[in-house]
>>> print(open('my_file.txt').read())   # compact mmCIF, C-alpha atoms and all ligand atoms
# COMPACT_ATOMS: atom_id res chain seq x y z
CA MET N 1 -51.99 -5.55 38.96
CA LYS N 2 -49.40 -6.37 41.60
CA ARG N 3 -51.94 -8.39 43.58
CA ALA N 4 -52.98 -10.38 40.54
CA ARG N 5 -49.47 -11.71 40.42
CA TRP N 6 -50.10 -13.54 43.67
CA LEU N 7 -53.71 -14.45 43.11
CA LEU N 8 -52.96 -16.24 39.91
CA PRO N 9 -50.48 -18.81 41.23
CA ALA N 10 -52.62 -19.25 44.35
CA LEU N 11 -55.63 -20.19 42.21
CA ILE N 12 -53.59 -22.59 40.17
CA VAL N 13 -52.30 -24.14 43.37
CA VAL N 14 -55.82 -24.62 44.69
CA GLY N 15 -56.81 -26.16 41.38
CA ALA N 16 -53.89 -28.55 41.51
CA CYS N 17 -54.72 -29.35 45.13
CA ASN N 18 -51.19 -30.23 46.10
CA ALA N 19 -49.17 -27.29 47.29
CA ALA N 20 -49.09 -24.60 49.93
CA ALA N 21 -49.78 -20.90 49.33
CA PRO N 22 -46.75 -18.61 49.10
CA ALA N 23 -45.40 -17.63 52.51
CA LEU N 24 -42.54 -15.59 53.91
CA TYR N 25 -39.46 -17.59 54.92
CA ARG N 26 -36.69 -15.92 56.90
CA TYR N 27 -33.18 -17.27 57.41
CA TYR N 28 -29.63 -16.34 58.25
CA LEU N 29 -27.31 -18.04 55.78
CA PRO N 30 -25.00 -20.55 57.51
CA ALA N 31 -21.94 -19.02 55.77
CA MET N 32 -20.85 -15.74 57.38
CA LEU N 33 -18.94 -12.77 55.96
CA GLY N 34 -16.46 -12.41 58.79
CA PRO N 35 -18.63 -11.09 61.64
CA ILE N 36 -21.55 -10.26 59.32
CA ALA N 37 -24.48 -12.59 58.83
CA VAL N 38 -26.40 -12.53 55.55
CA GLU N 39 -30.14 -12.47 56.13
CA VAL N 40 -32.52 -13.73 53.48
CA GLN N 41 -36.28 -13.22 53.47
CA MET N 42 -38.10 -14.85 50.62
CA ILE N 43 -41.56 -15.69 49.41
CA THR N 44 -41.93 -19.29 48.36
CA THR N 45 -44.28 -22.20 48.73
CA THR N 46 -42.46 -25.03 50.49
CA ASP N 47 -39.76 -25.62 53.12
CA ALA N 48 -37.83 -27.66 50.60
CA ARG N 49 -37.71 -24.77 48.10
CA ALA N 50 -36.63 -22.34 50.80
CA ARG N 51 -33.90 -24.69 52.01
CA ARG N 52 -32.62 -25.22 48.48
CA ALA N 53 -32.36 -21.45 47.99
CA VAL N 54 -30.59 -21.02 51.34
CA GLN N 55 -28.05 -23.69 50.45
CA ALA N 56 -27.36 -22.10 47.07
CA GLY N 57 -26.98 -18.63 48.61
CA SER N 58 -24.75 -19.89 51.38
CA ALA N 59 -22.45 -21.75 48.99
CA GLU N 60 -22.04 -18.51 47.06
CA VAL N 61 -21.12 -16.55 50.21
CA SER N 62 -18.38 -18.94 51.24
CA GLN N 63 -17.01 -19.40 47.73
CA ILE N 64 -16.71 -15.66 46.99
CA ASN N 65 -15.52 -14.75 50.47
CA ASN N 66 -12.77 -17.37 50.16
CA LEU N 67 -11.62 -15.61 46.99
CA LEU N 68 -11.89 -11.98 48.06
CA SER N 69 -11.15 -11.69 51.78
CA ARG N 70 -7.72 -10.40 52.59
CA TYR N 71 -8.10 -11.85 56.08
CA ILE N 72 -8.14 -15.41 54.69
CA GLU N 73 -4.55 -16.42 53.99
CA THR N 74 -5.44 -18.78 51.15
CA SER N 75 -7.71 -16.30 49.31
CA GLU N 76 -6.84 -15.00 45.84
CA VAL N 77 -6.62 -11.49 47.19
CA SER N 78 -4.08 -12.58 49.82
CA ARG N 79 -2.06 -14.28 47.10
CA ILE N 80 -2.21 -11.20 44.87
CA ASN N 81 -1.04 -9.07 47.82
CA ARG N 82 1.82 -11.44 48.71
CA LYS N 83 2.97 -11.37 45.10
CA SER N 84 2.80 -7.59 44.65
CA GLY N 85 5.23 -6.55 41.97
CA SER N 86 4.42 -9.54 39.75
CA GLU N 87 1.49 -10.84 37.71
CA THR N 88 -0.82 -13.21 39.62
CA HIS N 89 -3.46 -15.55 38.25
CA ALA N 90 -7.01 -14.57 39.26
CA SER N 91 -10.48 -16.08 38.78
CA ALA N 92 -13.15 -14.43 36.65
CA GLN N 93 -14.95 -13.29 39.82
CA THR N 94 -11.89 -11.58 41.30
CA VAL N 95 -11.12 -9.94 37.95
CA LYS N 96 -14.70 -8.68 37.72
CA VAL N 97 -14.66 -7.08 41.18
CA VAL N 98 -11.21 -5.52 40.72
CA ARG N 99 -12.28 -4.12 37.32
CA ARG N 100 -15.42 -2.58 38.79
CA ALA N 101 -13.39 -1.19 41.72
CA ILE N 102 -11.08 0.57 39.25
CA GLU N 103 -14.07 1.98 37.34
CA ILE N 104 -15.52 3.38 40.58
CA ALA N 105 -12.10 4.78 41.51
CA ARG N 106 -11.99 6.66 38.19
CA LEU N 107 -15.57 7.84 38.58
CA THR N 108 -14.91 9.18 42.09
CA ASP N 109 -11.52 10.64 41.25
CA GLY N 110 -9.81 8.23 43.63
CA ALA N 111 -12.07 8.73 46.66
CA PHE N 112 -12.74 5.00 46.35
CA ASP N 113 -9.43 3.20 46.05
CA ILE N 114 -8.88 -0.49 46.86
CA THR N 115 -5.11 0.03 47.25
CA VAL N 116 -5.77 1.93 50.49
CA GLY N 117 -5.00 -1.28 52.48
CA PRO N 118 -1.63 -0.23 53.99
CA ALA N 119 -3.24 2.89 55.49
CA VAL N 120 -6.30 0.91 56.64
CA ASP N 121 -3.95 -1.45 58.49
CA LEU N 122 -2.12 1.36 60.29
CA TRP N 123 -5.39 2.83 61.48
CA ARG N 124 -6.63 -0.59 62.57
CA ASP N 125 -3.48 -1.01 64.69
CA ALA N 126 -4.03 2.50 66.01
CA ARG N 127 -7.56 1.57 67.03
CA ARG N 128 -6.27 -1.44 68.93
CA ALA N 129 -3.45 0.48 70.61
CA GLY N 130 -5.58 3.56 71.32
CA GLU N 131 -2.97 5.90 69.87
CA LEU N 132 -2.48 7.61 66.52
CA PRO N 133 -0.27 6.00 63.84
CA ASP N 134 3.33 7.09 63.47
CA PRO N 135 3.37 9.94 60.88
CA GLU N 136 6.38 8.52 59.08
CA GLU N 137 4.82 5.08 58.71
CA LEU N 138 1.64 6.75 57.52
CA GLU N 139 3.57 8.67 54.89
CA GLN N 140 5.17 5.42 53.70
CA ALA N 141 1.77 3.72 53.52
CA ARG N 142 0.40 6.63 51.52
CA GLY N 143 3.20 6.16 49.01
CA ARG N 144 1.91 2.66 48.32
CA VAL N 145 -1.65 3.82 47.55
CA GLY N 146 -2.78 4.35 43.96
CA TYR N 147 -5.28 2.33 41.91
CA GLN N 148 -3.48 3.48 38.74
CA GLN N 149 -0.80 0.92 39.65
CA ILE N 150 -3.15 -2.05 39.23
CA THR N 151 -3.13 -3.91 35.91
CA VAL N 152 -5.99 -6.32 35.22
CA GLY N 153 -5.79 -9.01 32.53
CA ASP N 154 -8.46 -11.52 31.46
CA ASN N 155 -7.36 -13.86 34.24
CA SER N 156 -4.72 -12.01 36.16
CA VAL N 157 -4.15 -9.07 38.46
CA THR N 158 -0.81 -7.29 38.81
CA LEU N 159 0.05 -4.82 41.57
CA GLU N 160 2.80 -2.94 39.85
CA LYS N 161 4.60 -1.69 42.98
CA PRO N 162 6.10 -4.15 45.47
CA GLY N 163 4.55 -3.60 48.89
CA MET N 164 1.19 -2.52 47.46
CA SER N 165 -1.92 -4.37 48.50
CA ILE N 166 -5.61 -4.40 47.68
CA ASP N 167 -8.49 -4.39 50.14
CA LEU N 168 -11.92 -5.20 48.70
CA GLY N 169 -13.69 -4.47 52.01
CA GLY N 170 -15.59 -1.56 50.45
CA ILE N 171 -17.01 -3.49 47.48
CA ALA N 172 -16.92 -7.27 48.08
CA LYS N 173 -19.95 -7.35 50.35
CA GLY N 174 -22.03 -5.78 47.60
CA TYR N 175 -20.79 -8.29 45.06
CA ILE N 176 -21.61 -11.16 47.40
CA VAL N 177 -25.14 -9.80 47.90
CA ASP N 178 -25.58 -9.69 44.10
CA ARG N 179 -24.36 -13.28 43.83
CA VAL N 180 -26.69 -14.49 46.58
CA ALA N 181 -29.63 -12.78 44.85
CA ARG N 182 -28.69 -14.48 41.61
CA ALA N 183 -28.32 -17.84 43.31
CA LEU N 184 -31.83 -17.48 44.78
CA ARG N 185 -33.20 -16.57 41.36
CA ASP N 186 -31.51 -19.62 39.86
CA THR N 187 -33.43 -21.86 42.28
CA GLY N 188 -36.70 -20.26 41.17
CA ILE N 189 -37.17 -17.59 43.88
CA GLU N 190 -38.55 -14.33 42.47
CA ASP N 191 -39.36 -12.34 45.57
CA ALA N 192 -36.69 -11.94 48.23
CA LEU N 193 -34.72 -9.49 50.33
CA VAL N 194 -31.03 -10.26 50.80
CA ASP N 195 -29.32 -8.15 53.47
CA ALA N 196 -25.72 -8.24 54.67
CA GLY N 197 -25.46 -5.81 57.58
CA GLY N 198 -27.29 -2.96 55.87
CA ASP N 199 -26.20 -3.62 52.28
CA GLY N 200 -28.66 -5.58 50.26
CA TYR N 201 -30.78 -6.37 47.25
CA ALA N 202 -34.57 -6.31 47.00
CA MET N 203 -35.90 -8.84 44.49
CA GLY N 204 -39.47 -8.55 43.30
CA LEU N 205 -42.07 -7.83 45.99
CA ASN N 206 -42.69 -8.52 49.69
CA ALA N 207 -45.42 -10.67 51.25
CA GLN N 208 -47.94 -7.84 50.81
CA ALA N 209 -47.07 -7.78 47.09
CA GLU N 210 -45.49 -4.37 47.53
CA PRO N 211 -41.89 -3.15 47.17
CA TRP N 212 -39.69 -4.26 50.07
CA ARG N 213 -39.30 -1.75 52.94
CA ILE N 214 -35.81 -1.02 54.24
CA GLY N 215 -35.42 1.29 57.23
CA LEU N 216 -32.30 3.45 57.42
CA GLU N 217 -30.33 3.70 60.66
CA HIS N 218 -29.69 6.92 62.52
CA PRO N 219 -25.93 7.59 62.40
CA ARG N 220 -25.90 8.75 66.04
CA GLY N 221 -28.84 6.75 67.35
CA GLU N 222 -28.54 4.54 70.41
CA GLY N 223 -28.19 0.93 69.35
CA ARG N 224 -29.98 0.62 66.07
CA SER N 225 -32.52 3.37 66.21
CA PRO N 226 -34.23 4.14 62.92
CA LEU N 227 -33.85 7.38 61.05
CA ASP N 228 -37.54 7.49 60.12
CA ILE N 229 -36.61 7.09 56.49
CA VAL N 230 -37.83 3.91 54.86
CA LEU N 231 -36.74 2.89 51.39
CA ARG N 232 -39.26 1.10 49.21
CA LEU N 233 -37.40 -0.95 46.66
CA SER N 234 -38.13 -3.55 44.03
CA ASP N 235 -35.33 -5.02 41.89
CA ARG N 236 -32.90 -2.52 43.36
CA ALA N 237 -29.81 -2.67 45.57
CA TYR N 238 -28.94 -0.44 48.54
CA ALA N 239 -25.87 0.13 50.68
CA THR N 240 -24.95 2.38 53.59
CA SER N 241 -21.50 3.34 54.78
CA GLY N 242 -21.12 5.16 58.04
CA ASP N 243 -18.65 6.31 60.63
CA TYR N 244 -20.89 4.92 63.37
CA ARG N 245 -20.62 1.13 63.19
CA GLN N 246 -16.83 0.92 63.18
CA TYR N 247 -14.78 3.77 64.51
CA THR N 248 -12.10 4.61 67.03
CA GLU N 249 -12.03 7.41 69.51
CA ILE N 250 -8.58 8.65 70.33
CA ASP N 251 -8.28 11.70 72.61
CA GLY N 252 -11.98 12.39 72.15
CA GLU N 253 -11.82 12.47 68.33
CA ARG N 254 -13.81 10.05 66.23
CA TYR N 255 -11.84 8.18 63.53
CA SER N 256 -13.79 6.29 60.89
CA HIS N 257 -12.63 2.98 59.35
CA ILE N 258 -12.92 4.56 55.91
CA ILE N 259 -9.70 6.20 54.80
CA ASP N 260 -9.27 9.14 52.46
CA PRO N 261 -6.75 7.66 50.00
CA ARG N 262 -5.28 11.07 49.28
CA THR N 263 -4.39 11.91 52.87
CA GLY N 264 -4.07 8.39 54.32
CA ARG N 265 -6.26 9.62 57.17
CA PRO N 266 -9.80 8.65 58.20
CA ALA N 267 -12.57 10.32 56.22
CA ARG N 268 -14.39 13.01 58.17
CA GLU N 269 -16.79 14.63 55.75
CA ALA N 270 -19.98 12.66 56.31
CA ALA N 271 -21.53 10.55 59.07
CA SER N 272 -23.32 8.25 56.67
CA ALA N 273 -24.07 7.74 53.00
CA THR N 274 -26.79 5.54 51.53
CA VAL N 275 -26.81 4.61 47.85
CA VAL N 276 -29.53 2.91 45.81
CA ALA N 277 -28.34 1.37 42.53
CA PRO N 278 -29.22 -1.40 40.06
CA ASP N 279 -26.60 -3.70 41.65
CA CYS N 280 -25.18 -3.93 45.15
CA MET N 281 -21.53 -3.96 44.09
CA THR N 282 -21.98 -0.43 42.71
CA ALA N 283 -24.06 0.71 45.68
CA ASP N 284 -21.48 -0.59 48.18
CA ALA N 285 -18.47 1.02 46.51
CA LEU N 286 -20.22 4.35 45.89
CA ALA N 287 -21.43 4.52 49.50
CA THR N 288 -17.83 4.11 50.67
CA ALA N 289 -16.69 6.82 48.21
CA LEU N 290 -19.41 9.22 49.38
CA LEU N 291 -18.01 9.10 52.89
CA VAL N 292 -14.70 10.42 51.54
CA MET N 293 -15.95 13.01 49.04
CA PRO N 294 -17.19 16.46 49.99
CA PRO N 295 -20.96 15.80 50.33
CA GLU N 296 -22.09 18.29 47.69
CA ALA N 297 -19.61 16.93 45.15
CA GLY N 298 -20.68 13.36 45.93
CA VAL N 299 -24.37 14.13 45.47
CA GLU N 300 -23.62 16.02 42.28
CA LEU N 301 -21.76 12.98 40.95
CA VAL N 302 -24.69 10.70 41.80
CA ASP N 303 -27.10 13.12 40.12
CA SER N 304 -25.08 12.71 36.93
CA LEU N 305 -25.40 8.90 37.02
CA GLU N 306 -28.41 7.11 35.64
CA ASP N 307 -30.53 4.96 37.97
CA ILE N 308 -28.48 5.80 41.07
CA GLU N 309 -29.70 7.83 44.04
CA CYS N 310 -28.15 8.72 47.39
CA LEU N 311 -28.62 10.35 50.75
CA VAL N 312 -25.59 11.80 52.54
CA ILE N 313 -25.85 12.80 56.20
CA THR N 314 -23.44 15.19 57.84
CA ILE N 315 -23.37 16.32 61.44
CA ARG N 316 -22.64 19.90 62.39
CA ASP N 317 -23.06 21.20 65.94
CA ASP N 318 -24.81 17.95 66.90
CA GLU N 319 -27.41 18.43 64.18
CA LEU N 320 -28.07 16.13 61.25
CA HIS N 321 -28.02 17.62 57.77
CA LYS N 322 -29.33 15.54 54.92
CA ILE N 323 -28.33 16.06 51.31
CA ALA N 324 -30.18 13.90 48.81
CA SER N 325 -29.86 13.30 45.08
CA SER N 326 -32.78 14.56 43.01
CA GLY N 327 -34.72 11.28 42.88
CA PHE N 328 -33.89 9.86 46.31
CA TYR N 329 -37.14 10.66 48.10
CA ASP N 330 -39.14 9.11 45.27
CA LEU N 331 -37.76 5.80 46.56
CA THR N 332 -38.86 6.33 50.16
CA ASP N 333 -42.02 5.35 51.94
CA ASP N 334 -43.71 8.64 51.93
CA ALA N 335 -43.18 12.08 50.52
CA ARG N 336 -43.30 13.31 54.14
CA ASP N 337 -39.75 11.97 54.49
CA ARG N 338 -38.66 14.89 52.42
CA PRO N 339 -37.25 17.30 54.99
CA ALA N 340 -38.40 20.87 54.60
CA ASP N 341 -35.49 22.61 56.29
CA THR N 342 -32.36 21.15 54.74
CA ASP N 343 -30.11 21.98 51.86
CA ASP N 344 -31.81 19.27 49.79
CA HIS N 345 -32.11 19.64 46.08
CA PRO N 346 -35.55 21.06 45.33
CA PRO N 347 -38.04 18.47 44.06
CA GLU N 348 -38.25 18.42 40.28
P1 LIG N 401 -18.71 -1.55 55.92
O1 LIG N 401 -17.78 -2.64 55.57
O2 LIG N 401 -18.59 -1.06 57.33
O3 LIG N 401 -20.09 -1.76 55.45
P2 LIG N 401 -17.79 0.00 53.67
O4 LIG N 401 -18.55 -0.74 52.68
O5 LIG N 401 -17.81 1.46 53.54
O6 LIG N 401 -18.23 -0.26 55.16
O7 LIG N 401 -16.30 -0.53 53.58
C1 LIG N 401 -15.30 -0.12 54.47
C2 LIG N 401 -14.06 -0.91 54.16
O8 LIG N 401 -13.54 -0.52 52.89
C3 LIG N 401 -12.93 -0.65 55.14
O9 LIG N 401 -13.00 -1.53 56.23
C4 LIG N 401 -11.70 -0.90 54.28
O10 LIG N 401 -11.47 -2.28 54.20
C5 LIG N 401 -12.13 -0.43 52.92
N1 LIG N 401 -11.83 0.99 52.66
C6 LIG N 401 -11.57 1.99 53.54
N2 LIG N 401 -11.41 3.17 52.92
C7 LIG N 401 -11.58 2.92 51.59
C8 LIG N 401 -11.53 3.74 50.40
N3 LIG N 401 -11.31 5.05 50.46
N4 LIG N 401 -11.73 3.13 49.21
C9 LIG N 401 -11.98 1.80 49.14
N5 LIG N 401 -12.05 0.98 50.20
C10 LIG N 401 -11.85 1.53 51.41
MG MG N 402 -19.01 0.12 50.84
>>> encode(input="my_file.txt", output="structure tokens")
Amino acid sequence: MKRARWLLPALIVVGACNAAAPALYRYYLPAMLGPIAVEVQMITTTDARARRAVQAGSAEVSQINNLLSRYIETSEVSRINRKSGSETHASAQTVKVVRRAIEIARLTDGAFDITVGPAVDLWRDARRAGELPDPEELEQARGRVGYQQITVGDNSVTLEKPGMSIDLGGIAKGYIVDRVARALRDTGIEDALVDAGGDGYAMGLNAQAEPWRIGLEHPRGEGRSPLDIVLRLSDRAYATSGDYRQYTEIDGERYSHIIDPRTGRPAREAASATVVAPDCMTADALATALLVMPPEAGVELVDSLEDIECLVITIRDDELHKIASSGFYDLTDDARDRPADTDDHPPE
């Protein structure tokens, strides 16, 4: 049945005698997300259609990034942070992401918390200086963390405590991926893979008329070695958070860029967490939360959520341990991916 979907338009095209067969087009969007490039693969019939989709996707990336990045001085998030303590006007997009961030914070009991910014900053400075943050400053930063102190109106965001700030780094990328996918769809593209540095959305089917294949990275592999687990996704989003792409080593200890909001210190439970969800905003935020939560509790939470699956990898004594939600391996290439010797949930 899946093949018929391609045969049919191809036959019509031949009959009409004026267009090319569907082909795979691959681009990096001109607009970047800081250092991250957004890659788009899509199936379409002409260069002009592909270019139109790329332009629409790229416009979305720069527009949303200019609202949500706290590293852009003129962004809405920067303005909200500068005006902490008072109500600040915010666009529908910013309101939507902040609302979802608060929902995920509640769901994860505060493991995901966008007010963690002050602690993130201290650890970023520590990474640059190569020495641990001052404990007193860290304690002060921790006092400014707490998503309960955010009030969201229909077109405003208020950070109730002066000195608080929000950091959407753990959720904005996912939202941008969702927006790019929608922009492609709006130009008539049905089959595409949008990927922003390992977080992405698989629309429709690949060039073989099968679900898109997404290989997962090994959290301790050299360069970008694969983990031998391949997701097969159609109309699904995925995201991975890890302590391996961005981390600091100080005195031989590894410090992740993801902070446990309750301690103000880098998360150390898991080496990586991959989440598959209906939208990438949810996948992105949950993957960040799963790096903070005790792995079993995180997987248990995911098991209680509909249409969401995850794989959490921990490292003990240099060995990888994989803990998966009950339906995770149904989304991978092959049942052989299912490891026999781990503390995985038994197949149902
Ligand atoms: P990456 O950006 O490397 O893909 P994530 O999606 O996990 O990784 O996002 C990490 C970013 O999220 C950090 O750089 C920081 O800006 C922010 N962050 C760190 N800890 C938390 C947390 N506990 N809750 C929400 N956001 C966080
Ligand atoms: Mg994330």
>>> residues_near_point(input="my_file.txt", point="(-23.4, -15.9, 44.2)", cutoff="9 Å", atoms="only C-alpha atoms", output="list in words")
Ala56, Gly57, Ser58, Ala59, Glu60, Val61, Gln63, Ile64, Tyr175, Ile176, Val177, Asp178, Arg179, Val180, Ala181, Arg182, Ala183 and Leu184 of chain N
>>> atom_distance(input="my_file.txt", atom1="atom CA of Asp318 of chain N", atom2="atom CA of Asp284 of chain N")
26.6 Å
>>> atom_distance(input="my_file.txt", atom1="atom CA of Asp330 of chain N", atom2="atom CA of Arg220 of chain N")
24.6 Å
>>> closest_residue(input="my_file.txt", among="N:Pro226, N:Gly252, N:Gly215, N:Gly200", to="Val276 of chain N", atoms="all atoms listed in the file")
N:Gly200
>>> residues_near_point(input="my_file.txt", point="(-19.8, 15.0, 55.2)", cutoff="7 Å", atoms="all atoms listed in the file", output="list in words")
Arg268, Glu269, Ala270, Ala271, Leu291, Pro294, Pro295, Ile313 and Thr314 of chain N
>>> residues_near_ligand(input="my_file.txt", ligand="ligand LIG 401 (chain N)", cutoff="8 Å", atoms="all atoms listed in the file", output="PyMOL selection string")
chain N and resi 105+110-117+120+167-171+173-174+197-199+239-242+245-246+257-261+266-267+284-285+287-289+291-292
>>> write_last_selection(input="my_file.txt", atoms="C-alpha atoms", output="mmCIF file, keeping the file's coordinate frame")
data_model
loop_
_atom_site.group_PDB
_atom_site.id
_atom_site.type_symbol
_atom_site.label_atom_id
_atom_site.label_comp_id
_atom_site.auth_asym_id
_atom_site.auth_seq_id
_atom_site.Cartn_x
_atom_site.Cartn_y
_atom_site.Cartn_z
ATOM 1 C CA ALA N 105 -12.100 4.780 41.510
ATOM 2 C CA GLY N 110 -9.810 8.230 43.630
ATOM 3 C CA ALA N 111 -12.070 8.730 46.660
ATOM 4 C CA PHE N 112 -12.740 5.000 46.350
ATOM 5 C CA ASP N 113 -9.430 3.200 46.050
ATOM 6 C CA ILE N 114 -8.880 -0.490 46.860
ATOM 7 C CA THR N 115 -5.110 0.030 47.250
ATOM 8 C CA VAL N 116 -5.770 1.930 50.490
ATOM 9 C CA GLY N 117 -5.000 -1.280 52.480
ATOM 10 C CA VAL N 120 -6.300 0.910 56.640
ATOM 11 C CA ASP N 167 -8.490 -4.390 50.140
ATOM 12 C CA LEU N 168 -11.920 -5.200 48.700
ATOM 13 C CA GLY N 169 -13.690 -4.470 52.010
ATOM 14 C CA GLY N 170 -15.590 -1.560 50.450
ATOM 15 C CA ILE N 171 -17.010 -3.490 47.480
ATOM 16 C CA LYS N 173 -19.950 -7.350 50.350
ATOM 17 C CA GLY N 174 -22.030 -5.780 47.600
ATOM 18 C CA GLY N 197 -25.460 -5.810 57.580
ATOM 19 C CA GLY N 198 -27.290 -2.960 55.870
ATOM 20 C CA ASP N 199 -26.200 -3.620 52.280
ATOM 21 C CA ALA N 239 -25.870 0.130 50.680
ATOM 22 C CA THR N 240 -24.950 2.380 53.590
ATOM 23 C CA SER N 241 -21.500 3.340 54.780
ATOM 24 C CA GLY N 242 -21.120 5.160 58.040
ATOM 25 C CA ARG N 245 -20.620 1.130 63.190
ATOM 26 C CA GLN N 246 -16.830 0.920 63.180
ATOM 27 C CA HIS N 257 -12.630 2.980 59.350
ATOM 28 C CA ILE N 258 -12.920 4.560 55.910
ATOM 29 C CA ILE N 259 -9.700 6.200 54.800
ATOM 30 C CA ASP N 260 -9.270 9.140 52.460
ATOM 31 C CA PRO N 261 -6.750 7.660 50.000
ATOM 32 C CA PRO N 266 -9.800 8.650 58.200
ATOM 33 C CA ALA N 267 -12.570 10.320 56.220
ATOM 34 C CA ASP N 284 -21.480 -0.590 48.180
ATOM 35 C CA ALA N 285 -18.470 1.020 46.510
ATOM 36 C CA ALA N 287 -21.430 4.520 49.500
ATOM 37 C CA THR N 288 -17.830 4.110 50.670
ATOM 38 C CA ALA N 289 -16.690 6.820 48.210
ATOM 39 C CA LEU N 291 -18.010 9.100 52.890
ATOM 40 C CA VAL N 292 -14.700 10.420 51.540
#
>>> closest_residue(input="my_file.txt", among="N:Ala126, N:Ala237, N:Val77, N:Thr263", to="Glu139 of chain N", atoms="all atoms listed in the file")
N:Thr263
>>> closest_residue(input="my_file.txt", among="N:Ala192, N:Thr74, N:Glu137, N:Gln55", to="Tyr25 of chain N", atoms="only C-alpha atoms")
N:Ala192
>>> atom_distance(input="my_file.txt", atom1="atom CA of Val145 of chain N", atom2="atom CA of Ile166 of chain N")
9.1 Å
>>> closest_residue(input="my_file.txt", among="N:Met293, N:Leu233, N:Val302, N:Ala172", to="ligand MG 402 (chain N)", atoms="only C-alpha atoms and all ligand atoms")
N:Ala172
>>> residues_around(input="my_file.txt", residues="Glu306 of chain N", least_positions_apart="5", cutoff="12 Å", atoms="only C-alpha atoms", output="number ranges by chain")
N: 276-278, 301, 325-327
>>> write_last_selection(input="my_file.txt", atoms="C-alpha atoms", output="JSON list (two decimals), keeping the file's coordinate frame")
[["chain", "number", "residue", "atom", "x", "y", "z"],
["N", 276, "VAL", "CA", -29.53, 2.91, 45.81],
["N", 277, "ALA", "CA", -28.34, 1.37, 42.53],
["N", 278, "PRO", "CA", -29.22, -1.40, 40.06],
["N", 301, "LEU", "CA", -21.76, 12.98, 40.95],
["N", 325, "SER", "CA", -29.86, 13.30, 45.08],
["N", 326, "SER", "CA", -32.78, 14.56, 43.01],
["N", 327, "GLY", "CA", -34.72, 11.28, 42.88]]
>>> closest_residue(input="my_file.txt", among="N:Thr158, N:Ser84, N:Gln93, N:Thr274", to="ligand MG 402 (chain N)", atoms="only C-alpha atoms and all ligand atoms")
N:Thr274
>>> build_atoms(input="my_file.txt", residues="segment 134-138 of chain N", atoms="all heavy atoms", output="short mmCIF file (atom, residue, chain, number, x, y, z; two decimals), in the coordinates of the input")
data_model
loop_
_atom_site.label_atom_id
_atom_site.label_comp_id
_atom_site.auth_asym_id
_atom_site.auth_seq_id
_atom_site.Cartn_x
_atom_site.Cartn_y
_atom_site.Cartn_z
N ASP N 134 2.10 6.34 63.63
CA ASP N 134 3.33 7.09 63.47
C ASP N 134 3.29 7.85 62.13
O ASP N 134 3.05 7.24 61.08
CB ASP N 134 4.49 6.08 63.49
CG ASP N 134 5.81 6.75 63.22
OD1 ASP N 134 6.14 7.66 63.98
OD2 ASP N 134 6.49 6.35 62.25
N PRO N 135 3.50 9.16 62.12
CA PRO N 135 3.37 9.94 60.88
C PRO N 135 4.28 9.44 59.76
O PRO N 135 3.89 9.46 58.59
CB PRO N 135 3.77 11.37 61.30
CG PRO N 135 3.66 11.41 62.78
CD PRO N 135 3.83 10.01 63.29
N GLU N 136 5.46 8.98 60.12
CA GLU N 136 6.38 8.52 59.08
C GLU N 136 5.86 7.23 58.42
O GLU N 136 5.89 7.11 57.19
CB GLU N 136 7.74 8.24 59.70
CG GLU N 136 8.90 8.72 58.85
CD GLU N 136 10.17 8.74 59.68
OE1 GLU N 136 10.40 9.76 60.36
OE2 GLU N 136 10.88 7.73 59.66
N GLU N 137 5.38 6.32 59.26
CA GLU N 137 4.82 5.08 58.71
C GLU N 137 3.62 5.38 57.82
O GLU N 137 3.41 4.77 56.78
CB GLU N 137 4.38 4.16 59.85
CG GLU N 137 5.50 3.36 60.46
CD GLU N 137 4.96 2.39 61.50
OE1 GLU N 137 4.57 2.86 62.59
OE2 GLU N 137 4.90 1.20 61.20
N LEU N 138 2.83 6.37 58.26
CA LEU N 138 1.64 6.75 57.52
C LEU N 138 2.04 7.31 56.15
O LEU N 138 1.41 7.00 55.13
CB LEU N 138 0.87 7.81 58.32
CG LEU N 138 -0.61 7.93 58.03
CD1 LEU N 138 -1.32 6.60 58.18
CD2 LEU N 138 -1.24 8.96 58.98
#
